[in-house]
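Content type compact mmCIF, C-alpha atoms, from the file start_28.txt:
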# COMPACT_ATOMS: atom_id res chain seq x y z
CA MET A 1 -138.54 -67.96 -13.10
CA THR A 2 -140.61 -66.80 -10.16
CA ALA A 3 -143.77 -67.01 -12.27
CA LYS A 4 -146.49 -69.55 -11.54
CA ARG A 5 -146.18 -72.87 -13.23
CA SER A 6 -148.48 -75.78 -13.77
CA VAL A 7 -148.19 -78.67 -11.31
CA THR A 8 -149.87 -82.02 -11.89
CA VAL A 9 -149.98 -84.61 -9.13
CA THR A 10 -151.89 -87.84 -8.70
CA VAL A 11 -153.61 -87.36 -5.36
CA ASN A 12 -155.27 -90.42 -3.83
CA GLY A 13 -155.35 -91.96 -7.30
CA GLU A 14 -156.82 -88.98 -9.11
CA ALA A 15 -154.84 -86.66 -11.42
CA ARG A 16 -155.11 -83.04 -10.28
CA THR A 17 -153.55 -79.96 -11.82
CA GLY A 18 -153.05 -76.53 -10.33
CA GLU A 19 -150.89 -73.45 -10.61
CA ALA A 20 -148.13 -72.78 -8.10
CA GLU A 21 -145.45 -70.18 -7.59
CA PRO A 22 -142.10 -71.96 -7.09
CA ARG A 23 -142.08 -70.88 -3.44
CA MET A 24 -145.46 -72.48 -2.69
CA LEU A 25 -145.13 -75.38 -0.25
CA LEU A 26 -146.70 -78.72 -1.13
CA SER A 27 -148.79 -78.47 2.05
CA ASP A 28 -150.32 -75.18 0.88
CA PHE A 29 -150.82 -76.51 -2.65
CA LEU A 30 -152.79 -79.47 -1.27
CA ARG A 31 -154.88 -77.34 1.07
CA GLU A 32 -155.42 -74.11 -0.80
CA THR A 33 -155.09 -74.98 -4.47
CA LEU A 34 -156.60 -78.47 -4.43
CA GLY A 35 -158.89 -77.93 -1.44
CA LEU A 36 -157.63 -80.98 0.43
CA THR A 37 -157.65 -79.56 3.95
CA GLY A 38 -157.26 -82.94 5.67
CA THR A 39 -153.49 -82.38 5.63
CA HIS A 40 -152.84 -80.04 8.54
CA VAL A 41 -150.16 -77.41 8.86
CA GLY A 42 -148.57 -76.87 12.24
CA CYS A 43 -145.00 -75.71 12.64
CA GLU A 44 -143.92 -75.37 8.99
CA HIS A 45 -140.39 -76.44 9.78
CA GLY A 46 -140.59 -80.20 9.82
CA ILE A 47 -140.85 -80.75 13.56
CA CYS A 48 -144.55 -81.33 14.33
CA GLY A 49 -145.35 -83.83 11.56
CA ALA A 50 -149.01 -82.79 11.19
CA CYS A 51 -148.50 -82.21 7.43
CA THR A 52 -147.06 -85.69 6.74
CA VAL A 53 -148.30 -87.22 3.47
CA HIS A 54 -147.01 -90.05 1.28
CA VAL A 55 -144.93 -89.02 -1.73
CA ASP A 56 -144.52 -91.92 -4.15
CA GLY A 57 -145.47 -94.28 -1.34
CA GLU A 58 -143.20 -92.95 1.41
CA ALA A 59 -144.03 -90.59 4.26
CA ALA A 60 -142.63 -87.08 3.91
CA ARG A 61 -143.27 -83.64 5.36
CA SER A 62 -145.37 -81.70 2.85
CA CYS A 63 -144.22 -78.42 4.47
CA LEU A 64 -140.63 -79.23 3.50
CA MET A 65 -141.33 -79.77 -0.20
CA LEU A 66 -142.13 -77.22 -2.84
CA ALA A 67 -145.26 -77.94 -4.85
CA VAL A 68 -143.23 -77.74 -8.06
CA GLN A 69 -141.05 -80.59 -6.75
CA ALA A 70 -144.11 -82.82 -6.55
CA ASP A 71 -144.98 -82.38 -10.23
CA GLY A 72 -145.55 -85.88 -11.61
CA ALA A 73 -145.55 -87.53 -8.17
CA GLU A 74 -148.15 -89.73 -6.53
CA ILE A 75 -149.38 -88.16 -3.33
CA ASP A 76 -151.51 -89.91 -0.75
CA THR A 77 -153.26 -87.89 1.93
CA VAL A 78 -155.54 -88.72 4.82
CA GLU A 79 -158.56 -88.14 2.56
CA GLY A 80 -157.63 -91.28 0.64
CA LEU A 81 -157.70 -93.66 3.60
CA ALA A 82 -161.42 -94.25 4.11
CA ASP A 83 -163.51 -96.18 1.59
CA GLY A 84 -166.67 -94.08 1.41
CA GLU A 85 -168.17 -94.15 4.89
CA THR A 86 -165.98 -97.06 5.97
CA LEU A 87 -162.91 -95.92 7.83
CA HIS A 88 -159.51 -97.46 7.15
CA ARG A 89 -158.63 -100.13 9.72
CA LEU A 90 -156.01 -97.89 11.32
CA GLN A 91 -158.58 -95.09 11.63
CA GLN A 92 -160.97 -97.57 13.28
CA LEU A 93 -158.23 -98.56 15.71
CA PHE A 94 -157.49 -94.90 16.51
CA SER A 95 -161.16 -94.58 17.40
CA LYS A 96 -161.21 -97.81 19.44
CA HIS A 97 -158.11 -96.86 21.45
CA ARG A 98 -159.13 -93.20 21.85
CA ALA A 99 -155.97 -92.19 20.08
CA LEU A 100 -157.13 -88.65 19.39
CA GLN A 101 -158.70 -85.77 21.22
CA CYS A 102 -158.53 -82.54 19.24
CA GLY A 103 -157.52 -84.41 16.09
CA PHE A 104 -155.10 -81.83 14.77
CA CYS A 105 -152.13 -84.21 14.62
CA THR A 106 -154.19 -87.22 13.52
CA PRO A 107 -153.66 -86.94 9.72
CA GLY A 108 -149.90 -86.87 10.31
CA MET A 109 -150.12 -89.68 12.86
CA LEU A 110 -152.02 -91.92 10.45
CA MET A 111 -149.78 -91.29 7.43
CA THR A 112 -146.64 -91.70 9.54
CA ALA A 113 -147.84 -94.93 11.16
CA LEU A 114 -148.85 -96.54 7.85
CA ASP A 115 -145.39 -95.93 6.39
CA LEU A 116 -143.65 -97.04 9.59
CA VAL A 117 -145.53 -100.36 9.66
CA ARG A 118 -144.75 -101.01 5.99
CA HIS A 119 -141.10 -99.93 6.40
CA ARG A 120 -140.22 -102.10 9.37
CA PRO A 121 -141.84 -105.49 9.85
CA ASN A 122 -142.32 -106.93 13.34
CA LEU A 123 -142.28 -103.54 15.04
CA THR A 124 -141.55 -103.64 18.76
CA GLU A 125 -143.36 -101.28 21.10
CA ALA A 126 -140.10 -99.35 21.56
CA GLU A 127 -139.83 -98.94 17.79
CA ILE A 128 -143.43 -97.74 17.62
CA ARG A 129 -142.77 -95.18 20.35
CA SER A 130 -139.61 -94.01 18.62
CA GLY A 131 -141.23 -93.92 15.19
CA MET A 132 -144.37 -92.11 16.33
CA ALA A 133 -142.21 -89.47 18.02
CA ALA A 134 -142.00 -88.14 14.46
CA VAL A 135 -145.39 -86.48 15.07
CA LEU A 136 -146.20 -84.24 17.99
CA CYS A 137 -149.47 -84.74 19.86
CA ARG A 138 -150.15 -82.30 22.69
CA CYS A 139 -153.28 -83.85 24.14
CA THR A 140 -153.55 -87.64 24.23
CA GLY A 141 -150.19 -88.45 25.76
CA TYR A 142 -149.51 -91.06 23.05
CA GLU A 143 -150.71 -94.14 24.98
CA GLY A 144 -153.76 -94.64 22.78
CA ILE A 145 -151.78 -93.89 19.64
CA VAL A 146 -149.16 -96.50 20.52
CA HIS A 147 -151.84 -99.08 21.30
CA ALA A 148 -153.65 -98.40 18.01
CA VAL A 149 -150.48 -98.67 15.93
CA ALA A 150 -149.39 -101.79 17.83
CA GLU A 151 -152.71 -103.55 17.15
CA TYR A 152 -152.58 -102.51 13.51
CA ALA A 153 -148.97 -103.68 13.14
CA SER A 154 -149.63 -107.01 14.84
CA GLY A 155 -152.27 -108.29 12.51
CA GLY A 156 -154.16 -105.77 10.51
CA GLU A 157 -154.05 -105.50 6.82
CA ARG A 158 -151.13 -103.42 5.72
CA MET B 159 -144.24 -68.65 7.62
CA LYS B 160 -143.68 -69.03 3.91
CA PRO B 161 -140.53 -68.88 1.78
CA PRO B 162 -139.50 -65.57 0.21
CA ARG B 163 -139.49 -65.29 -3.58
CA PHE B 164 -136.59 -66.88 -5.40
CA ASP B 165 -135.65 -67.71 -8.93
CA TYR B 166 -136.24 -71.47 -9.18
CA ARG B 167 -134.13 -73.61 -11.48
CA ALA B 168 -134.32 -77.37 -11.84
CA PRO B 169 -131.39 -78.60 -13.95
CA GLN B 170 -131.61 -82.15 -15.28
CA GLY B 171 -127.85 -82.74 -15.61
CA LEU B 172 -124.74 -82.05 -13.52
CA ASP B 173 -123.01 -79.80 -16.07
CA GLU B 174 -126.15 -77.69 -16.35
CA ALA B 175 -126.33 -77.45 -12.54
CA LEU B 176 -122.67 -76.41 -12.27
CA ASP B 177 -123.15 -73.76 -14.97
CA LEU B 178 -126.15 -72.38 -13.10
CA LEU B 179 -124.18 -72.34 -9.85
CA ALA B 180 -121.23 -70.57 -11.46
CA ASP B 181 -123.42 -67.98 -13.18
CA SER B 182 -125.88 -67.30 -10.33
CA GLY B 183 -123.52 -65.58 -7.90
CA PRO B 184 -122.84 -66.18 -4.21
CA ASP B 185 -126.49 -65.83 -3.12
CA ALA B 186 -127.58 -68.95 -4.99
CA ARG B 187 -128.32 -72.05 -2.93
CA ILE B 188 -128.49 -75.69 -3.90
CA LEU B 189 -131.67 -77.51 -2.88
CA ALA B 190 -131.02 -81.20 -2.17
CA GLY B 191 -133.37 -83.01 0.24
CA GLY B 192 -134.53 -79.69 1.67
CA GLN B 193 -134.94 -80.94 5.24
CA SER B 194 -132.74 -78.13 6.58
CA LEU B 195 -132.92 -75.55 3.79
CA VAL B 196 -136.72 -75.46 3.41
CA PRO B 197 -137.26 -74.77 7.15
CA ALA B 198 -134.69 -71.97 6.81
CA LEU B 199 -136.63 -70.65 3.80
CA ASN B 200 -139.94 -70.89 5.67
CA PHE B 201 -138.51 -68.86 8.54
CA ARG B 202 -136.79 -66.56 6.04
CA LEU B 203 -133.47 -67.26 7.70
CA ALA B 204 -132.30 -68.07 4.16
CA ARG B 205 -133.15 -65.72 1.29
CA PRO B 206 -131.39 -67.12 -1.76
CA SER B 207 -131.67 -65.17 -5.00
CA VAL B 208 -131.63 -68.40 -6.98
CA LEU B 209 -132.61 -71.87 -5.80
CA ILE B 210 -130.95 -74.62 -7.82
CA ASP B 211 -132.95 -77.79 -7.26
CA ILE B 212 -130.76 -80.84 -7.99
CA ASN B 213 -133.45 -83.45 -7.28
CA GLY B 214 -133.75 -84.03 -11.01
CA VAL B 215 -130.04 -84.71 -11.55
CA ALA B 216 -130.20 -88.50 -11.69
CA GLU B 217 -126.43 -88.99 -11.92
CA LEU B 218 -126.02 -87.58 -8.37
CA ALA B 219 -127.95 -90.40 -6.68
CA GLY B 220 -126.80 -93.92 -6.02
CA ILE B 221 -124.62 -96.26 -3.99
CA ASP B 222 -121.58 -97.69 -5.81
CA ASP B 223 -119.57 -100.38 -4.00
CA GLN B 224 -116.11 -100.18 -5.57
CA GLY B 225 -114.46 -102.70 -3.28
CA ASP B 226 -112.03 -100.67 -1.16
CA ARG B 227 -114.56 -97.83 -0.93
CA VAL B 228 -118.24 -97.13 -1.30
CA VAL B 229 -119.10 -94.06 -3.35
CA ILE B 230 -122.37 -92.46 -2.29
CA GLY B 231 -123.88 -89.90 -4.63
CA ALA B 232 -124.71 -86.61 -2.94
CA MET B 233 -128.45 -86.95 -3.66
CA THR B 234 -128.72 -90.45 -2.19
CA ARG B 235 -131.56 -90.38 0.34
CA GLN B 236 -130.82 -91.31 3.93
CA ARG B 237 -133.74 -93.73 3.74
CA GLU B 238 -131.91 -95.55 0.95
CA ILE B 239 -128.80 -95.82 3.17
CA GLU B 240 -130.96 -97.21 5.97
CA VAL B 241 -132.27 -100.09 3.84
CA SER B 242 -129.06 -100.78 1.87
CA GLU B 243 -127.49 -104.16 2.62
CA ASP B 244 -124.37 -103.04 0.73
CA VAL B 245 -123.91 -100.10 3.09
CA ALA B 246 -124.68 -102.25 6.14
CA ARG B 247 -121.91 -104.64 5.09
CA ALA B 248 -119.26 -102.21 3.77
CA VAL B 249 -119.81 -99.06 5.85
CA PRO B 250 -121.70 -100.28 8.93
CA LEU B 251 -120.87 -97.09 10.84
CA LEU B 252 -122.81 -94.97 8.34
CA HIS B 253 -125.64 -97.51 8.32
CA GLU B 254 -126.03 -97.50 12.10
CA ALA B 255 -125.71 -93.70 12.37
CA THR B 256 -128.48 -93.19 9.82
CA ARG B 257 -131.05 -94.66 12.22
CA TYR B 258 -130.37 -91.66 14.48
CA VAL B 259 -131.01 -89.10 11.72
CA ALA B 260 -134.26 -87.37 12.69
CA HIS B 261 -137.32 -89.50 11.79
CA LEU B 262 -138.31 -91.79 8.93
CA PRO B 263 -140.33 -89.10 7.06
CA ILE B 264 -137.27 -86.81 7.19
CA ARG B 265 -134.95 -89.57 5.96
CA THR B 266 -137.34 -90.15 3.05
CA ARG B 267 -136.19 -86.82 1.61
CA GLY B 268 -132.91 -86.03 3.44
CA THR B 269 -129.68 -86.78 1.61
CA VAL B 270 -126.16 -87.78 2.62
CA GLY B 271 -124.65 -84.98 0.52
CA GLY B 272 -127.03 -82.41 1.92
CA SER B 273 -126.25 -83.35 5.51
CA ILE B 274 -122.49 -83.20 4.91
CA ALA B 275 -122.53 -79.97 2.87
CA ASN B 276 -124.85 -78.32 5.42
CA ALA B 277 -122.43 -79.27 8.25
CA ASP B 278 -124.83 -78.91 11.15
CA PRO B 279 -122.74 -79.51 14.31
CA ALA B 280 -125.33 -81.99 15.64
CA ALA B 281 -125.67 -83.98 12.39
CA GLU B 282 -124.63 -87.64 12.25
CA ASP B 283 -123.35 -87.98 8.66
CA PRO B 284 -120.54 -85.41 9.12
CA ALA B 285 -119.37 -87.26 12.26
CA VAL B 286 -119.23 -90.54 10.33
CA ALA B 287 -117.33 -88.82 7.51
CA ALA B 288 -114.88 -87.41 10.07
CA ALA B 289 -114.37 -90.76 11.80
CA LEU B 290 -113.70 -92.63 8.56
CA ASP B 291 -111.83 -89.71 6.95
CA ALA B 292 -114.20 -89.92 3.99
CA THR B 293 -113.35 -88.07 0.79
CA MET B 294 -115.69 -85.33 -0.37
CA VAL B 295 -115.80 -85.16 -4.17
CA CYS B 296 -116.51 -81.54 -5.10
CA ARG B 297 -117.17 -80.24 -8.58
CA SER B 298 -117.38 -76.86 -10.20
CA ARG B 299 -117.14 -75.68 -13.78
CA ARG B 300 -113.43 -75.22 -13.01
CA GLY B 301 -112.96 -78.91 -12.32
CA GLU B 302 -112.93 -81.42 -9.47
CA ARG B 303 -111.46 -81.24 -5.99
CA ARG B 304 -111.19 -84.17 -3.61
CA ILE B 305 -111.22 -82.98 -0.01
CA ALA B 306 -110.58 -85.26 2.99
CA ALA B 307 -112.98 -84.85 5.90
CA GLY B 308 -110.20 -83.42 8.07
CA GLY B 309 -109.98 -80.40 5.76
CA PHE B 310 -113.64 -80.17 4.78
CA PHE B 311 -115.49 -79.22 7.97
CA VAL B 312 -114.49 -75.71 9.02
CA ASP B 313 -117.01 -74.40 11.54
CA VAL B 314 -120.75 -74.27 12.30
CA LEU B 315 -122.57 -74.73 8.97
CA THR B 316 -119.29 -73.93 7.21
CA THR B 317 -117.26 -76.16 4.90
CA ALA B 318 -114.35 -75.79 2.49
CA LEU B 319 -116.77 -75.65 -0.47
CA GLU B 320 -116.33 -72.54 -2.65
CA PRO B 321 -119.50 -70.68 -3.73
CA ASP B 322 -119.35 -72.20 -7.22
CA GLU B 323 -118.62 -75.73 -5.94
CA MET B 324 -121.05 -78.55 -5.32
CA LEU B 325 -120.54 -81.71 -3.29
CA VAL B 326 -121.32 -84.47 -5.81
CA ALA B 327 -120.31 -87.64 -3.95
CA VAL B 328 -118.78 -88.94 -0.74
CA GLU B 329 -116.33 -91.82 -0.74
CA PHE B 330 -116.39 -93.91 2.43
CA PRO B 331 -113.59 -96.47 2.95
CA ARG B 332 -114.78 -100.07 3.36
CA ILE B 333 -114.49 -101.39 6.89
CA PRO B 334 -111.36 -103.57 7.17
CA SER B 335 -111.79 -107.26 7.93
CA GLY B 336 -111.55 -107.86 11.66
CA ALA B 337 -112.99 -104.46 12.49
CA GLY B 338 -116.19 -103.42 14.27
CA ALA B 339 -118.11 -100.19 14.20
CA ALA B 340 -120.76 -98.59 16.40
CA PHE B 341 -122.62 -95.32 16.74
CA ALA B 342 -124.08 -94.14 20.06
CA GLU B 343 -126.18 -91.05 20.53
CA ILE B 344 -128.39 -89.41 23.11
CA SER B 345 -131.05 -86.77 22.52
CA ARG B 346 -133.95 -85.37 24.54
CA ARG B 347 -136.43 -87.38 22.48
CA ASP B 348 -135.80 -89.95 19.76
CA GLY B 349 -135.23 -88.12 16.51
CA ASP B 350 -134.23 -84.81 18.09
CA PHE B 351 -130.87 -83.20 17.44
CA ALA B 352 -128.07 -85.02 19.25
CA LEU B 353 -126.94 -83.74 22.62
CA ALA B 354 -123.93 -85.97 22.02
CA GLY B 355 -123.18 -88.66 19.48
CA VAL B 356 -120.02 -90.75 19.10
CA ALA B 357 -118.92 -92.77 16.08
CA ALA B 358 -116.31 -95.46 16.65
CA GLN B 359 -114.59 -98.07 14.53
CA ILE B 360 -111.96 -100.45 15.90
CA ALA B 361 -109.82 -102.95 13.99
CA LEU B 362 -108.22 -105.85 15.84
CA THR B 363 -105.35 -108.16 14.93
CA ASN B 364 -104.78 -111.02 17.38
CA GLY B 365 -106.84 -109.11 19.94
CA ARG B 366 -104.74 -105.94 19.66
CA VAL B 367 -106.06 -102.67 18.27
CA THR B 368 -104.40 -101.89 14.94
CA ASP B 369 -106.72 -99.04 13.95
CA ALA B 370 -109.10 -96.90 15.98
CA ARG B 371 -111.34 -94.11 14.76
CA ILE B 372 -113.43 -91.95 17.04
CA ALA B 373 -115.44 -88.85 16.12
CA ALA B 374 -118.43 -87.02 17.51
CA CYS B 375 -121.37 -84.79 16.71
CA GLY B 376 -123.02 -82.29 19.02
CA LEU B 377 -119.82 -81.70 20.96
CA GLY B 378 -118.24 -78.82 19.06
CA PRO B 379 -118.77 -76.33 16.23
CA ALA B 380 -117.84 -78.99 13.67
CA PRO B 381 -117.55 -82.79 13.85
CA LEU B 382 -114.61 -83.63 16.11
CA ARG B 383 -112.12 -86.42 15.59
CA PHE B 384 -110.30 -87.57 18.72
CA ARG B 385 -106.79 -88.57 17.66
CA ASN B 386 -105.53 -88.56 21.26
CA ALA B 387 -108.20 -91.06 22.29
CA GLU B 388 -107.43 -93.17 19.21
CA GLU B 389 -103.74 -93.28 20.16
CA ILE B 390 -104.59 -94.44 23.68
CA LEU B 391 -106.41 -97.43 22.21
CA LEU B 392 -103.80 -98.32 19.60
CA ASP B 393 -101.95 -101.54 20.46
CA SER B 394 -104.14 -102.04 23.54
CA ALA B 395 -106.47 -105.00 23.98
CA CYS B 396 -109.38 -102.62 24.68
CA GLU B 397 -109.20 -103.56 28.33
CA THR B 398 -111.38 -101.47 30.64
CA GLU B 399 -108.53 -99.16 31.62
CA ALA B 400 -107.76 -98.32 27.98
CA ILE B 401 -111.43 -97.72 27.13
CA GLU B 402 -111.87 -95.51 30.19
CA ALA B 403 -108.73 -93.51 29.38
CA ALA B 404 -109.99 -93.02 25.82
CA CYS B 405 -113.41 -91.88 27.11
CA ASP B 406 -111.71 -89.38 29.43
CA ALA B 407 -109.73 -88.08 26.45
CA VAL B 408 -112.93 -87.70 24.40
CA ALA B 409 -114.58 -85.71 27.20
CA ALA B 410 -111.50 -83.54 27.71
CA SER B 411 -111.15 -82.81 23.99
CA SER B 412 -114.83 -82.01 23.46
CA ASP B 413 -115.86 -78.42 22.94
CA PRO B 414 -119.56 -78.42 23.87
CA HIS B 415 -121.76 -75.39 24.36
CA ASP B 416 -124.48 -74.42 26.83
CA ASP B 417 -128.03 -74.14 25.55
CA VAL B 418 -131.60 -74.65 26.67
CA HIS B 419 -131.34 -78.42 26.15
CA ALA B 420 -128.20 -79.14 28.16
CA SER B 421 -125.26 -77.46 29.85
CA ALA B 422 -121.76 -77.79 28.46
CA ALA B 423 -120.69 -79.66 31.59
CA TYR B 424 -123.49 -82.21 31.13
CA ARG B 425 -122.67 -82.61 27.44
CA ARG B 426 -119.08 -83.37 28.41
CA GLN B 427 -120.31 -86.18 30.67
CA LEU B 428 -122.49 -87.44 27.84
CA ALA B 429 -119.43 -87.39 25.55
CA ALA B 430 -117.67 -89.89 27.80
CA ALA B 431 -120.80 -92.00 28.23
CA MET B 432 -121.49 -92.18 24.47
CA ALA B 433 -117.81 -92.92 23.79
CA ARG B 434 -117.97 -95.79 26.29
CA ARG B 435 -121.06 -97.25 24.61
CA ALA B 436 -119.70 -96.87 21.10
CA LEU B 437 -116.22 -98.20 21.89
CA ASN B 438 -117.47 -101.22 23.81
CA ALA B 439 -119.93 -102.12 21.06
CA ALA B 440 -117.34 -101.60 18.31
CA HIS B 441 -114.82 -103.73 20.22
CA THR B 442 -117.34 -106.53 20.73
CA ARG B 443 -118.29 -106.46 17.03
CA ALA B 444 -114.61 -106.44 16.02
CA GLY B 445 -114.12 -109.51 18.16
CA VAL B 446 -116.98 -111.21 16.36
CA ALA B 447 -115.60 -110.18 12.97
CA ALA B 448 -111.98 -111.14 13.70
Using structure tokens, write down the structure that the file contains.
Amino acid sequence: MTAKRSVTVTVNGEARTGEAEPRMLLSDFLRETLGLTGTHVGCEHGICGACTVHVDGEAARSCLMLAVQADGAEIDTVEGLADGETLHRLQQLFSKHRALQCGFCTPGMLMTALDLVRHRPNLTEAEIRSGMAAVLCRCTGYEGIVHAVAEYASGGER
Amino acid sequence: MKPPRFDYRAPQGLDEALDLLADSGPDARILAGGQSLVPALNFRLARPSVLIDINGVAELAGIDDQGDRVVIGAMTRQREIEVSEDVARAVPLLHEATRYVAHLPIRTRGTVGGSIANADPAAEDPAVAAALDATMVCRSRRGERRIAAGGFFVDVLTTALEPDEMLVAVEFPRIPSGAGAAFAEISRRDGDFALAGVAAQIALTNGRVTDARIAACGLGPAPLRFRNAEEILLDSACETEAIEAACDAVAASSDPHDDVHASAAYRRQLAAAMARRALNAAHTRAGVAA
């Protein structure tokens, strides 16, 4: 039972099938098998949050799931946020507030923030700071990220 | 890094899972939420021969309020605990502690049973189980064992579970009327492992303490319950002197370790500080409930 098996996931609304050994992580399946390299891989032990995607609508670390566990699931990644050339409102706010420099953590930041805002209405700034601590950024210092998420939470579309 | 090769099994029922566990030998591991095991696989700290994934065993998930107790299936996600009004009402200590479990994306996958069976010394769910003397319902092909928290947690990452046994549910007693509960924790950053966390539940009758439960995470090799501190509070009115004496007893009975995050001496101070926060909040809430 170490042989490859077929895995079908609905990624950003589109059914995709690939082969995966049982030990293949969901993060690697998305990047290497499906070619969706927007999901970044940092620490591979659930600390940095760069690989965060939505699994059946809720944020989860794709480095802490096996691809075979995602068979039949709906996965949303950062590639699904923009509508053509029009960025998602949260992406626009990240740009406005200069909430990224190198951009490595940004996919995880966006997917984490979207779930956080949906999960807990009327977020306080303290809750945003605590919630966004789920993803490590080593260059912006978080101020811009907190401002972007706060503006999104206060009135943007969800 | 990436996980080593393993034989992957995904049983769809409990009996099938227990058969697999019994037949796979001592190197088999059960995969629940995977928020501790998958990192260990990625670092190759764990090299199980067989990985038995119980995410497809539907009968293991769910919250069942049975009146005097709430039975939580081992595969119930911590995120489900966080949003459960039943748990908030019947086992508020578990509900409050869950907010301190890592971060939301971890709680999406992490399970109550996984946290308790993994028995990380810094984990919140084992401390809540210890405080409330929850019952661990353990199954194997040989039958069922019910193990009280006091006899379940043995040492770092070590429980009373036999190699062929699986934790299938945890029974938490309902909070008595007139009681209050609180969980206090401090970590270097929100969501990090606890430097010290204290779970407290206090029941009052006519302003006097009739039941006190205090336990901690991060302060010893296994979750600690502080019976001496509980006895200090019993029959008191939770006046400042009694609370302070109980906090001193918690600090004295703690068994913290030195590491890069904090010295043992500092953790002992944090033990008293977290006990003070938890006991004062639990007492206030008990007063409101009484």
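Distance annotation: of A:Val135, A:Leu30, A:Cys51, A:Leu25, the residue with the minimal separation from Gln69 of chain A is A:Leu25; atom set is all atoms listed in the file.
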Restrict the calculation to only C-alpha atoms, then for each residue of chain A with any atom at most 10 Å from an atom of chain B give the closest atom pair and their distance in Å to one decimal, rows by chain and rising residue number, as CSV.
residue,atom,partner,partner_atom,distance
A:Met1,CA,B:Asp165,CA,5.1
A:Thr2,CA,B:Asp165,CA,5.2
A:Ala3,CA,B:Asp165,CA,8.8
A:Glu21,CA,B:Arg163,CA,8.7
A:Pro22,CA,B:Tyr166,CA,6.2
A:Arg23,CA,B:Pro161,CA,5.8
A:Met24,CA,B:Pro161,CA,7.6
A:Leu25,CA,B:Lys160,CA,7.7
A:Asp28,CA,B:Lys160,CA,9.5
A:Cys43,CA,B:Met159,CA,8.7
A:Glu44,CA,B:Asn200,CA,6.9
A:His45,CA,B:Pro197,CA,4.4
A:Gly46,CA,B:Pro197,CA,6.9
A:Ile47,CA,B:Asp350,CA,9.0
A:Gly49,CA,B:Pro263,CA,8.6
A:Thr52,CA,B:Pro263,CA,7.6
A:Val53,CA,B:Pro263,CA,8.9
A:His54,CA,B:Pro263,CA,8.9
A:Val55,CA,B:Thr266,CA,9.0
A:Glu58,CA,B:Thr266,CA,6.7
A:Ala59,CA,B:Pro263,CA,4.9
A:Ala60,CA,B:Pro263,CA,4.4
A:Arg61,CA,B:Pro263,CA,6.4
A:Ser62,CA,B:Pro263,CA,9.9
A:Cys63,CA,B:Val196,CA,8.1
A:Leu64,CA,B:Val196,CA,5.4
A:Met65,CA,B:Gly192,CA,7.1
A:Leu66,CA,B:Val196,CA,8.5
A:Val68,CA,B:Tyr166,CA,9.5
A:Gln69,CA,B:Asn213,CA,8.1
A:Met111,CA,B:Pro263,CA,9.7
A:Thr112,CA,B:Pro263,CA,7.3
A:Asp115,CA,B:Pro263,CA,8.5
A:Leu116,CA,B:Leu262,CA,7.5
A:His119,CA,B:Leu262,CA,9.0
A:Arg120,CA,B:Val241,CA,9.9
A:Arg129,CA,B:Asp348,CA,8.7
A:Ser130,CA,B:Asp348,CA,5.7
A:Gly131,CA,B:His261,CA,6.8
A:Met132,CA,B:His261,CA,8.8
A:Ala133,CA,B:Asp348,CA,6.7
A:Ala134,CA,B:His261,CA,5.6
A:Val135,CA,B:His261,CA,9.2
Near-segment 369-379 of chain B list (9 Å; all atoms listed in the file; drop same-chain fewer than 4 positions) as a PyMOL selection string | chain B and resi 278-291+312-315+337+343+351-362+383-385+387-389+391-393+408+412-415+422+425-426+429+433+436-437
Which residue gives the smallest distance to Leu93 of chain A among A:Gly18, A:Gly72, A:Gly155, A:Pro121, with only C-alpha atoms counted?
->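 Among the listed residues, A:Gly155 lies closest to Leu93 of chain A.
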Could you state the separation of atom CA of Val295 of chain B and atom CA of Ser335 of chain B in Å, given to one decimal place?
-> 25.5 Å
A:Gly38, A:Thr10, A:Ala20, A:Phe104: which is nearest Val78 of chain A, counting all atoms listed in the file?
-> A:Gly38
Quote the spacing between atom CA of Leu218 of chain B and atom CA of Thr17 of chain A in Å to one decimal place.
->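 One can read the atom CA of Leu218 of chain B to atom CA of Thr17 of chain A distance as 28.8 Å.
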Residue nearest Leu34 of chain A among A:Leu114, A:Cys48, A:Val11, A:Ala126 (counting only C-alpha atoms) |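 Ranked by minimum distance to Leu34 of chain A, first place goes to A:Val11.
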In Å, how far is it from atom CA of Glu217 of chain B to atom CA of Gly171 of chain B?
->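 These two atoms are separated by 7.4 Å.
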Find the residues with any atom within 7 Å of (-153.4, -87.3, -3.4); use all atoms listed in the file and the coordinates as given in the file, and write the answer as an MDAnalysis selection string.
-> chainID A and resid 10:14 74:77
